[in-house]
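start_34.cif follows (mmCIF, N, CA and C atoms):
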data_entry
#
loop_
_atom_site.label_atom_id
_atom_site.label_comp_id
_atom_site.auth_asym_id
_atom_site.auth_seq_id
_atom_site.Cartn_x
_atom_site.Cartn_y
_atom_site.Cartn_z
N ALA N 6 -27.19 43.74 2.26
CA ALA N 6 -27.46 42.43 1.70
C ALA N 6 -26.19 41.57 1.72
N LYS N 7 -25.02 42.20 1.48
CA LYS N 7 -23.78 41.44 1.50
C LYS N 7 -23.52 40.82 2.86
N LEU N 8 -23.77 41.60 3.89
CA LEU N 8 -23.52 41.11 5.24
C LEU N 8 -24.38 39.91 5.54
N PHE N 9 -25.62 39.94 5.11
CA PHE N 9 -26.51 38.80 5.31
C PHE N 9 -25.98 37.56 4.58
N VAL N 10 -25.47 37.75 3.38
CA VAL N 10 -24.91 36.62 2.61
C VAL N 10 -23.72 36.04 3.34
N TRP N 11 -22.84 36.89 3.85
CA TRP N 11 -21.66 36.39 4.56
C TRP N 11 -22.06 35.68 5.85
N GLU N 12 -23.04 36.23 6.55
CA GLU N 12 -23.52 35.57 7.76
C GLU N 12 -24.06 34.19 7.43
N ALA N 13 -24.81 34.08 6.34
CA ALA N 13 -25.36 32.78 5.93
C ALA N 13 -24.23 31.82 5.55
N ARG N 14 -23.21 32.30 4.85
CA ARG N 14 -22.09 31.44 4.46
C ARG N 14 -21.33 30.94 5.69
N VAL N 15 -21.12 31.83 6.66
CA VAL N 15 -20.42 31.42 7.88
C VAL N 15 -21.27 30.41 8.65
N ASP N 16 -22.57 30.62 8.68
CA ASP N 16 -23.46 29.66 9.35
C ASP N 16 -23.38 28.28 8.69
N VAL N 17 -23.30 28.24 7.37
CA VAL N 17 -23.16 26.97 6.65
C VAL N 17 -21.83 26.30 7.03
N THR N 18 -20.77 27.09 7.07
CA THR N 18 -19.46 26.55 7.44
C THR N 18 -19.48 26.01 8.87
N ILE N 19 -20.13 26.74 9.77
CA ILE N 19 -20.23 26.27 11.16
C ILE N 19 -20.97 24.94 11.21
N LYS N 20 -22.03 24.81 10.43
CA LYS N 20 -22.79 23.55 10.41
C LYS N 20 -21.92 22.41 9.84
N GLU N 21 -21.08 22.74 8.87
CA GLU N 21 -20.20 21.72 8.27
C GLU N 21 -19.17 21.20 9.25
N VAL N 22 -18.69 22.05 10.15
CA VAL N 22 -17.63 21.64 11.07
C VAL N 22 -18.13 21.36 12.49
N LYS N 23 -19.42 21.53 12.70
CA LYS N 23 -19.97 21.36 14.05
C LYS N 23 -19.71 19.96 14.61
N HIS N 24 -19.77 18.97 13.76
CA HIS N 24 -19.58 17.59 14.22
C HIS N 24 -18.13 17.29 14.62
N ILE N 25 -17.20 18.08 14.15
CA ILE N 25 -15.78 17.78 14.38
C ILE N 25 -15.43 17.82 15.87
N PRO N 26 -15.70 18.91 16.59
CA PRO N 26 -15.34 18.89 18.01
C PRO N 26 -16.16 17.88 18.80
N GLU N 27 -17.40 17.63 18.37
CA GLU N 27 -18.22 16.63 19.06
C GLU N 27 -17.61 15.24 18.89
N ARG N 28 -17.21 14.91 17.68
CA ARG N 28 -16.58 13.60 17.43
C ARG N 28 -15.23 13.51 18.13
N LEU N 29 -14.49 14.61 18.12
CA LEU N 29 -13.20 14.64 18.79
C LEU N 29 -13.36 14.41 20.28
N ALA N 30 -14.38 15.02 20.88
CA ALA N 30 -14.63 14.83 22.31
C ALA N 30 -15.10 13.41 22.61
N ALA N 31 -15.88 12.83 21.73
CA ALA N 31 -16.42 11.49 21.97
C ALA N 31 -15.40 10.38 21.71
N THR N 32 -14.64 10.50 20.63
CA THR N 32 -13.75 9.41 20.23
C THR N 32 -12.27 9.73 20.40
N GLY N 33 -11.94 11.01 20.53
CA GLY N 33 -10.54 11.38 20.66
C GLY N 33 -9.83 11.49 19.33
N ARG N 34 -10.56 11.35 18.26
CA ARG N 34 -9.95 11.45 16.92
C ARG N 34 -10.98 11.97 15.92
N THR N 35 -10.48 12.35 14.78
CA THR N 35 -11.34 12.79 13.69
C THR N 35 -10.97 12.02 12.44
N GLU N 36 -11.90 11.90 11.56
CA GLU N 36 -11.68 11.12 10.34
C GLU N 36 -11.22 11.98 9.16
N LEU N 37 -10.95 13.24 9.40
CA LEU N 37 -10.57 14.14 8.33
C LEU N 37 -9.12 13.95 7.92
N THR N 38 -8.86 14.11 6.65
CA THR N 38 -7.50 14.04 6.15
C THR N 38 -6.86 15.43 6.23
N GLU N 39 -5.57 15.46 6.07
CA GLU N 39 -4.86 16.73 6.08
C GLU N 39 -5.35 17.63 4.94
N LYS N 40 -5.63 17.03 3.80
CA LYS N 40 -6.13 17.79 2.65
C LYS N 40 -7.49 18.42 2.96
N GLN N 41 -8.39 17.65 3.58
CA GLN N 41 -9.71 18.18 3.92
C GLN N 41 -9.60 19.34 4.91
N ILE N 42 -8.74 19.18 5.90
CA ILE N 42 -8.55 20.26 6.88
C ILE N 42 -7.95 21.49 6.21
N SER N 43 -7.00 21.29 5.33
CA SER N 43 -6.40 22.43 4.62
C SER N 43 -7.44 23.13 3.75
N GLN N 44 -8.32 22.36 3.12
CA GLN N 44 -9.37 22.97 2.31
C GLN N 44 -10.32 23.79 3.17
N MET N 45 -10.65 23.27 4.35
CA MET N 45 -11.53 24.01 5.26
C MET N 45 -10.85 25.29 5.75
N ILE N 46 -9.56 25.21 6.05
CA ILE N 46 -8.81 26.40 6.46
C ILE N 46 -8.83 27.44 5.34
N GLY N 47 -8.65 26.98 4.11
CA GLY N 47 -8.70 27.88 2.96
C GLY N 47 -10.06 28.53 2.81
N LYS N 48 -11.12 27.76 3.02
CA LYS N 48 -12.48 28.29 2.92
C LYS N 48 -12.72 29.37 3.97
N VAL N 49 -12.30 29.11 5.20
CA VAL N 49 -12.46 30.10 6.28
C VAL N 49 -11.64 31.35 5.96
N PHE N 50 -10.45 31.17 5.43
CA PHE N 50 -9.61 32.31 5.08
C PHE N 50 -10.26 33.15 3.97
N ILE N 51 -10.84 32.49 2.98
CA ILE N 51 -11.52 33.20 1.90
C ILE N 51 -12.70 34.00 2.46
N GLU N 52 -13.46 33.39 3.35
CA GLU N 52 -14.61 34.09 3.93
C GLU N 52 -14.16 35.31 4.74
N ARG N 53 -13.09 35.15 5.50
CA ARG N 53 -12.58 36.28 6.28
C ARG N 53 -12.07 37.38 5.35
N THR N 54 -11.41 37.00 4.29
CA THR N 54 -10.91 37.97 3.32
C THR N 54 -12.07 38.71 2.66
N GLU N 55 -13.11 37.98 2.30
CA GLU N 55 -14.29 38.60 1.69
C GLU N 55 -14.89 39.65 2.62
N VAL N 56 -15.03 39.31 3.88
CA VAL N 56 -15.66 40.21 4.84
C VAL N 56 -14.79 41.44 5.09
N ASN N 57 -13.49 41.23 5.26
CA ASN N 57 -12.63 42.32 5.74
C ASN N 57 -11.87 43.07 4.66
N LEU N 58 -11.58 42.44 3.54
CA LEU N 58 -10.74 43.10 2.55
C LEU N 58 -11.46 43.45 1.25
N HIS N 59 -12.34 42.57 0.80
CA HIS N 59 -12.95 42.76 -0.52
C HIS N 59 -14.35 43.33 -0.45
N SER N 60 -14.68 43.98 0.63
CA SER N 60 -16.02 44.54 0.73
C SER N 60 -15.94 46.02 1.04
N ASP N 61 -17.00 46.70 0.69
CA ASP N 61 -17.08 48.12 1.00
C ASP N 61 -17.97 48.36 2.21
N ILE N 62 -18.36 47.30 2.88
CA ILE N 62 -19.28 47.41 4.01
C ILE N 62 -18.62 48.05 5.23
N LEU N 63 -17.30 47.92 5.34
CA LEU N 63 -16.60 48.47 6.49
C LEU N 63 -16.25 49.94 6.30
N ASP N 64 -16.28 50.41 5.06
CA ASP N 64 -15.92 51.79 4.76
C ASP N 64 -17.15 52.57 4.31
N SER N 65 -16.98 53.86 4.30
CA SER N 65 -18.04 54.72 3.74
C SER N 65 -17.99 54.63 2.22
N PRO N 66 -19.14 54.54 1.59
CA PRO N 66 -19.15 54.48 0.12
C PRO N 66 -18.55 55.75 -0.51
N ASP N 67 -18.06 55.60 -1.72
CA ASP N 67 -17.40 56.71 -2.41
C ASP N 67 -18.32 57.92 -2.60
N PHE N 68 -19.63 57.70 -2.83
CA PHE N 68 -20.51 58.83 -3.08
C PHE N 68 -20.63 59.74 -1.86
N LEU N 69 -20.33 59.21 -0.66
CA LEU N 69 -20.37 60.06 0.52
C LEU N 69 -19.20 61.04 0.56
N TRP N 70 -18.13 60.69 -0.12
CA TRP N 70 -17.00 61.60 -0.17
C TRP N 70 -17.34 62.82 -1.03
N ASP N 71 -18.20 62.60 -2.02
CA ASP N 71 -18.59 63.69 -2.90
C ASP N 71 -19.69 64.57 -2.30
N ASP N 72 -20.57 63.96 -1.47
CA ASP N 72 -21.71 64.68 -0.93
C ASP N 72 -21.83 64.36 0.56
N ASP N 73 -21.24 65.20 1.39
CA ASP N 73 -21.15 64.93 2.83
C ASP N 73 -22.47 64.99 3.59
N HIS N 74 -23.46 65.62 3.05
CA HIS N 74 -24.68 65.79 3.85
C HIS N 74 -25.47 64.48 4.01
N HIS N 75 -25.12 63.43 3.28
CA HIS N 75 -25.78 62.13 3.43
C HIS N 75 -25.07 61.23 4.44
N GLU N 76 -23.89 61.62 4.83
CA GLU N 76 -23.11 60.76 5.74
C GLU N 76 -23.79 60.52 7.08
N PRO N 77 -24.39 61.49 7.72
CA PRO N 77 -25.09 61.20 8.99
C PRO N 77 -26.20 60.17 8.82
N SER N 78 -26.92 60.24 7.72
CA SER N 78 -27.99 59.25 7.46
C SER N 78 -27.39 57.87 7.26
N TYR N 79 -26.28 57.83 6.53
CA TYR N 79 -25.61 56.55 6.30
C TYR N 79 -25.12 55.95 7.62
N GLU N 80 -24.51 56.76 8.45
CA GLU N 80 -24.02 56.27 9.74
C GLU N 80 -25.17 55.82 10.63
N LEU N 81 -26.28 56.53 10.59
CA LEU N 81 -27.46 56.15 11.37
C LEU N 81 -28.00 54.80 10.89
N LEU N 82 -28.02 54.61 9.57
CA LEU N 82 -28.47 53.34 9.01
C LEU N 82 -27.53 52.20 9.41
N ARG N 83 -26.22 52.44 9.36
CA ARG N 83 -25.25 51.42 9.79
C ARG N 83 -25.48 51.04 11.24
N GLU N 84 -25.70 52.02 12.07
CA GLU N 84 -25.95 51.74 13.49
C GLU N 84 -27.26 50.99 13.68
N HIS N 85 -28.28 51.39 12.92
CA HIS N 85 -29.58 50.72 13.04
C HIS N 85 -29.48 49.24 12.63
N LEU N 86 -28.69 48.97 11.61
CA LEU N 86 -28.51 47.59 11.14
C LEU N 86 -27.44 46.84 11.92
N ASP N 87 -26.83 47.47 12.90
CA ASP N 87 -25.79 46.87 13.73
C ASP N 87 -24.63 46.32 12.90
N VAL N 88 -24.26 47.05 11.87
CA VAL N 88 -23.21 46.57 10.96
C VAL N 88 -21.89 46.32 11.70
N PRO N 89 -21.38 47.26 12.50
CA PRO N 89 -20.09 46.99 13.16
C PRO N 89 -20.15 45.77 14.09
N GLU N 90 -21.24 45.63 14.82
CA GLU N 90 -21.37 44.49 15.73
C GLU N 90 -21.48 43.17 14.98
N ARG N 91 -22.22 43.20 13.88
CA ARG N 91 -22.39 41.98 13.08
C ARG N 91 -21.07 41.56 12.43
N VAL N 92 -20.31 42.54 11.95
CA VAL N 92 -19.00 42.24 11.36
C VAL N 92 -18.06 41.69 12.44
N ALA N 93 -18.10 42.30 13.62
CA ALA N 93 -17.27 41.81 14.73
C ALA N 93 -17.67 40.38 15.10
N LEU N 94 -18.95 40.08 15.12
CA LEU N 94 -19.41 38.73 15.42
C LEU N 94 -18.97 37.74 14.35
N LEU N 95 -19.06 38.15 13.09
CA LEU N 95 -18.58 37.30 12.00
C LEU N 95 -17.09 37.00 12.17
N ASN N 96 -16.31 38.02 12.48
CA ASN N 96 -14.88 37.82 12.66
C ASN N 96 -14.59 36.91 13.85
N THR N 97 -15.36 37.03 14.92
CA THR N 97 -15.19 36.16 16.07
C THR N 97 -15.48 34.71 15.70
N ARG N 98 -16.56 34.51 14.96
CA ARG N 98 -16.90 33.14 14.52
C ARG N 98 -15.82 32.58 13.60
N LEU N 99 -15.32 33.41 12.70
CA LEU N 99 -14.26 32.95 11.80
C LEU N 99 -12.98 32.66 12.59
N ASP N 100 -12.69 33.46 13.62
CA ASP N 100 -11.53 33.18 14.48
C ASP N 100 -11.66 31.81 15.14
N ILE N 101 -12.84 31.52 15.66
CA ILE N 101 -13.06 30.24 16.33
C ILE N 101 -12.92 29.08 15.35
N LEU N 102 -13.49 29.24 14.16
CA LEU N 102 -13.34 28.20 13.13
C LEU N 102 -11.88 27.99 12.76
N HIS N 103 -11.17 29.10 12.59
CA HIS N 103 -9.75 29.00 12.24
C HIS N 103 -8.95 28.32 13.35
N GLU N 104 -9.27 28.65 14.59
CA GLU N 104 -8.58 28.02 15.72
C GLU N 104 -8.85 26.52 15.76
N LEU N 105 -10.11 26.13 15.58
CA LEU N 105 -10.46 24.70 15.57
C LEU N 105 -9.71 23.97 14.48
N LEU N 106 -9.71 24.52 13.28
CA LEU N 106 -9.03 23.86 12.17
C LEU N 106 -7.52 23.85 12.36
N GLY N 107 -6.98 24.89 12.98
CA GLY N 107 -5.54 24.90 13.29
C GLY N 107 -5.18 23.81 14.28
N ILE N 108 -6.03 23.61 15.29
CA ILE N 108 -5.80 22.55 16.27
C ILE N 108 -5.82 21.18 15.58
N LEU N 109 -6.79 20.99 14.69
CA LEU N 109 -6.87 19.71 13.97
C LEU N 109 -5.65 19.50 13.08
N SER N 110 -5.21 20.55 12.44
CA SER N 110 -4.03 20.45 11.59
C SER N 110 -2.80 20.09 12.42
N ASN N 111 -2.64 20.71 13.58
CA ASN N 111 -1.53 20.38 14.48
C ASN N 111 -1.63 18.95 14.96
N GLN N 112 -2.84 18.50 15.27
CA GLN N 112 -3.04 17.12 15.72
C GLN N 112 -2.61 16.13 14.64
N LEU N 113 -3.01 16.39 13.39
CA LEU N 113 -2.60 15.51 12.30
C LEU N 113 -1.09 15.54 12.09
N SER N 114 -0.51 16.71 12.22
CA SER N 114 0.93 16.83 12.06
C SER N 114 1.67 16.06 13.16
N ASN N 115 1.18 16.17 14.39
CA ASN N 115 1.78 15.43 15.50
C ASN N 115 1.63 13.93 15.31
N HIS N 116 0.46 13.51 14.82
CA HIS N 116 0.23 12.08 14.57
C HIS N 116 1.19 11.57 13.51
N HIS N 117 1.38 12.36 12.46
CA HIS N 117 2.31 11.97 11.40
C HIS N 117 3.74 11.89 11.93
N SER N 118 4.12 12.86 12.76
CA SER N 118 5.47 12.84 13.35
C SER N 118 5.67 11.62 14.23
N THR N 119 4.65 11.25 14.98
CA THR N 119 4.74 10.06 15.83
C THR N 119 4.94 8.81 14.99
N LYS N 120 4.21 8.70 13.88
CA LYS N 120 4.38 7.56 12.97
C LYS N 120 5.81 7.49 12.45
N LEU N 121 6.35 8.64 12.07
CA LEU N 121 7.73 8.67 11.55
C LEU N 121 8.73 8.27 12.63
N GLU N 122 8.51 8.71 13.87
CA GLU N 122 9.39 8.33 14.96
C GLU N 122 9.36 6.81 15.20
N VAL N 123 8.19 6.22 15.14
CA VAL N 123 8.07 4.76 15.31
C VAL N 123 8.82 4.05 14.19
N ILE N 124 8.69 4.54 12.97
CA ILE N 124 9.41 3.93 11.84
C ILE N 124 10.91 4.01 12.06
N VAL N 125 11.39 5.16 12.50
CA VAL N 125 12.83 5.32 12.75
C VAL N 125 13.28 4.35 13.86
N ILE N 126 12.49 4.21 14.90
CA ILE N 126 12.84 3.29 15.99
C ILE N 126 12.94 1.86 15.46
N TRP N 127 11.97 1.44 14.65
CA TRP N 127 12.03 0.09 14.09
C TRP N 127 13.22 -0.09 13.15
N LEU N 128 13.57 0.94 12.41
CA LEU N 128 14.75 0.85 11.54
C LEU N 128 16.03 0.71 12.37
N ILE N 129 16.10 1.42 13.48
CA ILE N 129 17.26 1.29 14.37
C ILE N 129 17.32 -0.11 14.95
N ILE N 130 16.17 -0.63 15.37
CA ILE N 130 16.13 -2.00 15.90
C ILE N 130 16.57 -3.00 14.84
N ALA N 131 16.10 -2.83 13.61
CA ALA N 131 16.50 -3.72 12.52
C ALA N 131 18.00 -3.64 12.27
N GLU N 132 18.56 -2.43 12.32
CA GLU N 132 20.00 -2.26 12.13
C GLU N 132 20.79 -2.96 13.24
N ILE N 133 20.31 -2.86 14.47
CA ILE N 133 20.98 -3.53 15.60
C ILE N 133 20.93 -5.04 15.41
N ILE N 134 19.78 -5.56 14.99
CA ILE N 134 19.64 -7.00 14.79
C ILE N 134 20.58 -7.47 13.68
N VAL N 135 20.63 -6.74 12.58
CA VAL N 135 21.52 -7.11 11.47
C VAL N 135 22.97 -7.06 11.92
N THR N 136 23.34 -6.03 12.67
CA THR N 136 24.71 -5.91 13.16
C THR N 136 25.06 -7.05 14.11
N LEU N 137 24.15 -7.37 15.04
CA LEU N 137 24.38 -8.49 15.94
C LEU N 137 24.50 -9.81 15.19
N PHE N 138 23.63 -10.02 14.20
CA PHE N 138 23.68 -11.24 13.41
C PHE N 138 25.00 -11.35 12.66
N THR N 139 25.45 -10.24 12.09
CA THR N 139 26.73 -10.22 11.37
C THR N 139 27.87 -10.51 12.34
N PHE N 140 27.83 -9.92 13.51
CA PHE N 140 28.87 -10.13 14.52
C PHE N 140 28.91 -11.61 14.95
N VAL N 141 27.76 -12.19 15.23
CA VAL N 141 27.69 -13.59 15.65
C VAL N 141 28.17 -14.51 14.54
N MET N 142 27.77 -14.23 13.32
CA MET N 142 28.18 -15.08 12.18
C MET N 142 29.70 -15.00 11.97
N GLU N 143 30.30 -13.83 12.16
CA GLU N 143 31.74 -13.70 12.00
C GLU N 143 32.48 -14.45 13.12
N ARG N 144 31.91 -14.50 14.32
CA ARG N 144 32.53 -15.22 15.44
C ARG N 144 32.39 -16.74 15.28
N LEU N 145 31.22 -17.18 14.78
CA LEU N 145 31.00 -18.62 14.62
C LEU N 145 31.72 -19.18 13.40
N PHE N 146 31.76 -18.42 12.34
CA PHE N 146 32.39 -18.90 11.11
C PHE N 146 33.45 -17.92 10.64
N PRO N 147 34.59 -17.91 11.33
CA PRO N 147 35.64 -16.97 10.92
C PRO N 147 36.17 -17.31 9.52
N LYS N 148 36.71 -16.37 8.84
CA LYS N 148 37.21 -16.58 7.49
C LYS N 148 38.62 -17.05 7.48
#
Can you turn what I pasted into structure tokens?
Amino acid sequence: AKLFVWEARVDVTIKEVKHIPERLAATGRTELTEKQISQMIGKVFIERTEVNLHSDILDSPDFLWDDDHHEPSYELLREHLDVPERVALLNTRLDILHELLGILSNQLSNHHSTKLEVIVIWLIIAEIIVTLFTFVMERLFPK
């Protein structure tokens, strides 16, 4: 039942971010803020942690350690429910989501860096203009 819940949660997350690459391909930009992207990255990380670290679905339950004769039945049930394949698929989907959000985060970071570079260039231009103005004023009106 846990695996089904995680699959449903990942499907919801995929639906939430599905429009992002489509909009990015169509317009070349996304309307998400850095905070929104960071929140989505956090959500994907929590989901991956839930699946891989905070669950007992990947390990044999404790009662099998006490009574070994049920372990073959348990393993047969896991195989019948395709648990390892489903977990691997979940991890692949989470990897893709994480990669998409990482790309968006890098894009926002690059955009921010570009804005800062333009500001620095304009400040340098302003400094040159002020220096030239001061130089011309000192030549025209010596003290």
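Of the listed residues N:Thr139, N:Lys23, N:Ala31, N:Glu39, the one whose atoms come nearest to Asn115 of chain N is N:Glu39, with distances taken using only C-alpha atoms.
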field: Atom pair atom CA of Leu106 of chain N / atom CA of Lys48 of chain N: separation (Å)
entry: 10.8 Å
field: Point-to-point distance from atom N of Val15 of chain N to atom C of Ile46 of chain N, Å rounded to tenths
entry: 13.1 Å
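Picture a line from atom N of Ser43 of chain N to atom C of Leu8 of chain N; it runs 25.5 Å.
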message: I'd like to know which residues of chain N are helix (DSSP H, G or I) (by DSSP, run on the backbone); could you write them as an NGL selection string?
response: :N and (7-22 or 24-32 or 39-57 or 67-71 or 73-85 or 88-145)
Which residues, named as in the file, does the PyMOL selection byres ((chain N and resi 90-101) around 8) pick out? Answer as a PDB file with N, CA and C atoms, in the coordinates of the input.
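After the write, expr_16.pdb holds the following:
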ATOM      1  N   LEU N   8     -23.770  41.600   3.890  1.00  0.00           N
ATOM      2  CA  LEU N   8     -23.520  41.110   5.240  1.00  0.00           C
ATOM      3  C   LEU N   8     -24.380  39.910   5.540  1.00  0.00           C
ATOM      4  N   TRP N  11     -22.840  36.890   3.850  1.00  0.00           N
ATOM      5  CA  TRP N  11     -21.660  36.390   4.560  1.00  0.00           C
ATOM      6  C   TRP N  11     -22.060  35.680   5.850  1.00  0.00           C
ATOM      7  N   GLU N  12     -23.040  36.230   6.550  1.00  0.00           N
ATOM      8  CA  GLU N  12     -23.520  35.570   7.760  1.00  0.00           C
ATOM      9  C   GLU N  12     -24.060  34.190   7.430  1.00  0.00           C
ATOM     10  N   VAL N  15     -21.120  31.830   6.660  1.00  0.00           N
ATOM     11  CA  VAL N  15     -20.420  31.420   7.880  1.00  0.00           C
ATOM     12  C   VAL N  15     -21.270  30.410   8.650  1.00  0.00           C
ATOM     13  N   VAL N  49     -12.300  29.110   5.200  1.00  0.00           N
ATOM     14  CA  VAL N  49     -12.460  30.100   6.280  1.00  0.00           C
ATOM     15  C   VAL N  49     -11.640  31.350   5.960  1.00  0.00           C
ATOM     16  N   PHE N  50     -10.450  31.170   5.430  1.00  0.00           N
ATOM     17  CA  PHE N  50      -9.610  32.310   5.080  1.00  0.00           C
ATOM     18  C   PHE N  50     -10.260  33.150   3.970  1.00  0.00           C
ATOM     19  N   GLU N  52     -13.460  33.390   3.350  1.00  0.00           N
ATOM     20  CA  GLU N  52     -14.610  34.090   3.930  1.00  0.00           C
ATOM     21  C   GLU N  52     -14.160  35.310   4.740  1.00  0.00           C
ATOM     22  N   ARG N  53     -13.090  35.150   5.500  1.00  0.00           N
ATOM     23  CA  ARG N  53     -12.580  36.280   6.280  1.00  0.00           C
ATOM     24  C   ARG N  53     -12.070  37.380   5.350  1.00  0.00           C
ATOM     25  N   VAL N  56     -15.030  39.310   3.880  1.00  0.00           N
ATOM     26  CA  VAL N  56     -15.660  40.210   4.840  1.00  0.00           C
ATOM     27  C   VAL N  56     -14.790  41.440   5.090  1.00  0.00           C
ATOM     28  N   ARG N  83     -26.220  52.440   9.360  1.00  0.00           N
ATOM     29  CA  ARG N  83     -25.250  51.420   9.790  1.00  0.00           C
ATOM     30  C   ARG N  83     -25.480  51.040  11.240  1.00  0.00           C
ATOM     31  N   GLU N  84     -25.700  52.020  12.070  1.00  0.00           N
ATOM     32  CA  GLU N  84     -25.950  51.740  13.490  1.00  0.00           C
ATOM     33  C   GLU N  84     -27.260  50.990  13.680  1.00  0.00           C
ATOM     34  N   LEU N  86     -28.690  48.970  11.610  1.00  0.00           N
ATOM     35  CA  LEU N  86     -28.510  47.590  11.140  1.00  0.00           C
ATOM     36  C   LEU N  86     -27.440  46.840  11.920  1.00  0.00           C
ATOM     37  N   ASP N  87     -26.830  47.470  12.900  1.00  0.00           N
ATOM     38  CA  ASP N  87     -25.790  46.870  13.730  1.00  0.00           C
ATOM     39  C   ASP N  87     -24.630  46.320  12.900  1.00  0.00           C
ATOM     40  N   VAL N  88     -24.260  47.050  11.870  1.00  0.00           N
ATOM     41  CA  VAL N  88     -23.210  46.570  10.960  1.00  0.00           C
ATOM     42  C   VAL N  88     -21.890  46.320  11.700  1.00  0.00           C
ATOM     43  N   PRO N  89     -21.380  47.260  12.500  1.00  0.00           N
ATOM     44  CA  PRO N  89     -20.090  46.990  13.160  1.00  0.00           C
ATOM     45  C   PRO N  89     -20.150  45.770  14.090  1.00  0.00           C
ATOM     46  N   LEU N 102     -13.490  29.240  14.160  1.00  0.00           N
ATOM     47  CA  LEU N 102     -13.340  28.200  13.130  1.00  0.00           C
ATOM     48  C   LEU N 102     -11.880  27.990  12.760  1.00  0.00           C
ATOM     49  N   HIS N 103     -11.170  29.100  12.590  1.00  0.00           N
ATOM     50  CA  HIS N 103      -9.750  29.000  12.240  1.00  0.00           C
ATOM     51  C   HIS N 103      -8.950  28.320  13.350  1.00  0.00           C
ATOM     52  N   GLU N 104      -9.270  28.650  14.590  1.00  0.00           N
ATOM     53  CA  GLU N 104      -8.580  28.020  15.720  1.00  0.00           C
ATOM     54  C   GLU N 104      -8.850  26.520  15.760  1.00  0.00           C
ATOM     55  N   LEU N 105     -10.110  26.130  15.580  1.00  0.00           N
ATOM     56  CA  LEU N 105     -10.460  24.700  15.570  1.00  0.00           C
ATOM     57  C   LEU N 105      -9.710  23.970  14.480  1.00  0.00           C
ATOM     58  N   LEU N 106      -9.710  24.520  13.280  1.00  0.00           N
ATOM     59  CA  LEU N 106      -9.030  23.860  12.170  1.00  0.00           C
ATOM     60  C   LEU N 106      -7.520  23.850  12.360  1.00  0.00           C
ATOM     61  N   GLY N 107      -6.980  24.890  12.980  1.00  0.00           N
ATOM     62  CA  GLY N 107      -5.540  24.900  13.290  1.00  0.00           C
ATOM     63  C   GLY N 107      -5.180  23.810  14.280  1.00  0.00           C
TER      64      GLY N 107
END
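In terms of minimum interatomic distance to Leu113 of chain N, N:Thr38 ranks closest within N:Leu145, N:Thr38, N:Glu27, N:Thr32, counting only N, CA and C atoms.
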